[in-house]
Amino acid sequence: MATKEPHLVSKAVLKSFCDTDGLLVACSLRSRSASRGCRKIGRDGVGYVDDLHPGDPDAFEAFWRRIEDDLPAALEAAMSHTITSQPELQDLLRDCLAMHLARSWTLKALHAWLETTHLEQLRSVLLLPIPEVRTFLDLWYGARHNGMTLSAREIMADEFVERIRQLSSASPFVPGRFVERFLMAKAAIDARPIVVGTPGRGRFLIGDAPAQPYRRGHRGVGFRPPGGPSWSTAETFIMPIGPGHLLYLGALTGYQELDGDLVDYVNGVEVLTAQRHVMWHPESDFVVTLRAIREDPTAIRRIPAPPLPRTGTRGPARRRRRPPTGPSGTRASPDATTRR
């Protein structure tokens, strides 16, 4: 029996952010207060949608179930530092990344943005040679629009506006787009080496649109100006899969310790691209970080994205020894506010 409220974020991934009681901290982005909007909740209570209506719910659920059922084994291998010797589980992690790129709140956010944009103005906007338009077109067309002549782009813009006019009168979520985008993402990701990053300082949180394109030096996050990198211009794709692990694509499968500033930046990307909730493990406390990002959301967008190490090591990433920096000989809070 298909679930009535399909999850966009895998329950297997959310479980990695839960404590022994099966609870995680979920902070609602709709709340005016960062602290008051946070509460402990089970993984069933976040990451789902209530307005997705597939024509064949059972078939839609079965399509993703083939990944979801085996994903816990792949996540366990990634976190136990044994993924390098298990290529079949590496394929599952690639599918996990592609699945979350496809089953993204970004599609819903794009639709909401379009509903508030005058369709009469949309055609001229689509013809502008600016980065955010290129990012927007990549989300719908992949790289097919690159290299088009002006007349071809005009035809594409006319067709797009008419398509949006028709979609605007229907449900804001189109299940078929998820499958199409999964196949597109899978083609972009297929066979690329998996790298699992472990934080040298701090821990990861996760947003409800966890998989994101990434390119070193890029200024901008998400699809709103200044937007993040598009799929076609992205150097890699990133996704937290646990408080201590970040999944991304590199040049050699393995593990890599990540600098604390990079961990802070990834957490900022997760917050700024989330639509409803940001979540973390109850042992962490990201309220201060969340408040700082919400008070100045442009801070992360103004700085260039730090480089990700492209080559993983075959063994577990080594942690450098650091003197304690927190009170009573303990380390500082794992979500130390970014120095921006």
# chains A, B, ... in the order shown; residues from 1 in each chain; ligands from 1

$ residues_around --residues "Gly228 (chain A)" --least-positions-apart "4" --cutoff "10 Å" --atoms "only C-alpha atoms" --output "list in words"
Pro131, Glu132, Thr135, Gln212, Pro213, Tyr214, Arg215, His218, Arg219, Gly220, Val221, Gly222, Phe223, Arg224, Thr233, Ala234, Val269, Thr273, Arg301 and Ala305 of chain A

$ write_last_selection --atoms "C-alpha atoms" --output "CSV table (one decimal), in the first residue's frame"
chain,number,residue,atom,x,y,z
A,131,PRO,CA,23.3,33.2,-14.4
A,132,GLU,CA,20.0,32.8,-12.5
A,135,THR,CA,20.2,28.0,-13.5
A,212,GLN,CA,22.5,20.4,-3.9
A,213,PRO,CA,24.8,21.2,-6.9
A,214,TYR,CA,28.2,22.6,-5.8
A,215,ARG,CA,31.1,24.4,-7.5
A,218,HIS,CA,30.7,30.1,-6.8
A,219,ARG,CA,28.9,32.9,-5.1
A,220,GLY,CA,25.2,32.1,-4.6
A,221,VAL,CA,22.9,29.5,-3.2
A,222,GLY,CA,19.6,28.0,-4.4
A,223,PHE,CA,17.7,29.2,-7.5
A,224,ARG,CA,16.8,32.7,-6.3
A,233,THR,CA,27.9,23.9,-14.4
A,234,ALA,CA,28.2,22.1,-11.0
A,269,VAL,CA,23.6,25.8,2.1
A,273,THR,CA,17.8,25.8,0.3
A,301,ARG,CA,25.7,34.0,-0.7
A,305,ALA,CA,32.1,28.3,-2.0

$ residues_around --residues "Gly200 (chain A)" --least-positions-apart "5" --cutoff "7 Å" --atoms "only C-alpha atoms" --output "PyMOL selection string"
chain A and resi 257-260+319

$ write_last_selection --atoms "C-alpha atoms" --output "PDB file, in the first residue's frame"
ATOM      1  CA  GLU A 257      38.352  15.020   6.407  1.00  0.00           C
ATOM      2  CA  LEU A 258      36.691  18.367   5.740  1.00  0.00           C
ATOM      3  CA  ASP A 259      37.774  21.706   7.136  1.00  0.00           C
ATOM      4  CA  GLY A 260      35.480  23.251   9.735  1.00  0.00           C
ATOM      5  CA  ARG A 319      41.281  13.448  12.617  1.00  0.00           C
TER       6      ARG A 319
END

$ atom_distance --atom1 "CA of Gln256 (chain A)" --atom2 "CA of Met79 (chain A)"
12.3 Å

$ residues_around --residues "Arg123 (chain A)" --least-positions-apart "5" --cutoff "9 Å" --atoms "only C-alpha atoms" --output "list of chain:residue names"
A:Glu154, A:Ala157, A:Asp158, A:Phe160, A:Val161

$ write_last_selection --atoms "N, CA and C atoms" --output "CSV table (one decimal), in the first residue's frame"
chain,number,residue,atom,x,y,z
A,154,GLU,N,13.5,31.7,-28.3
A,154,GLU,CA,12.2,32.4,-28.3
A,154,GLU,C,11.1,31.4,-28.4
A,157,ALA,N,10.9,29.6,-25.1
A,157,ALA,CA,10.2,30.4,-24.1
A,157,ALA,C,8.7,30.5,-24.3
A,158,ASP,N,8.2,30.5,-25.6
A,158,ASP,CA,6.8,30.5,-25.8
A,158,ASP,C,6.2,29.2,-25.3
A,160,PHE,N,7.4,27.2,-23.1
A,160,PHE,CA,7.5,27.1,-21.7
A,160,PHE,C,6.4,27.9,-20.9
A,161,VAL,N,6.2,29.1,-21.4
A,161,VAL,CA,5.2,29.9,-20.8
A,161,VAL,C,3.8,29.2,-20.9

$ select_by_dssp --residues "region 63-310 of chain A" --states "alpha helix (DSSP H)" --output "ChimeraX atom specification"
/A:63-68,71-79,87-102,105-115,119-126,131-141,150-167,175-189,260-273,287-295,298-302

$ closest_residue --among "A:Leu126, A:Met279, A:Ala78, A:Leu205" --to "Leu24 (chain A)" --atoms "only C-alpha atoms"
A:Met279

$ atom_distance --atom1 "CA of Leu272 (chain A)" --atom2 "CA of Ile238 (chain A)"
14.2 Å

$ select_by_dssp --residues "region 202-313 of chain A" --states "strand (DSSP E)" --output "count of residues only"
26
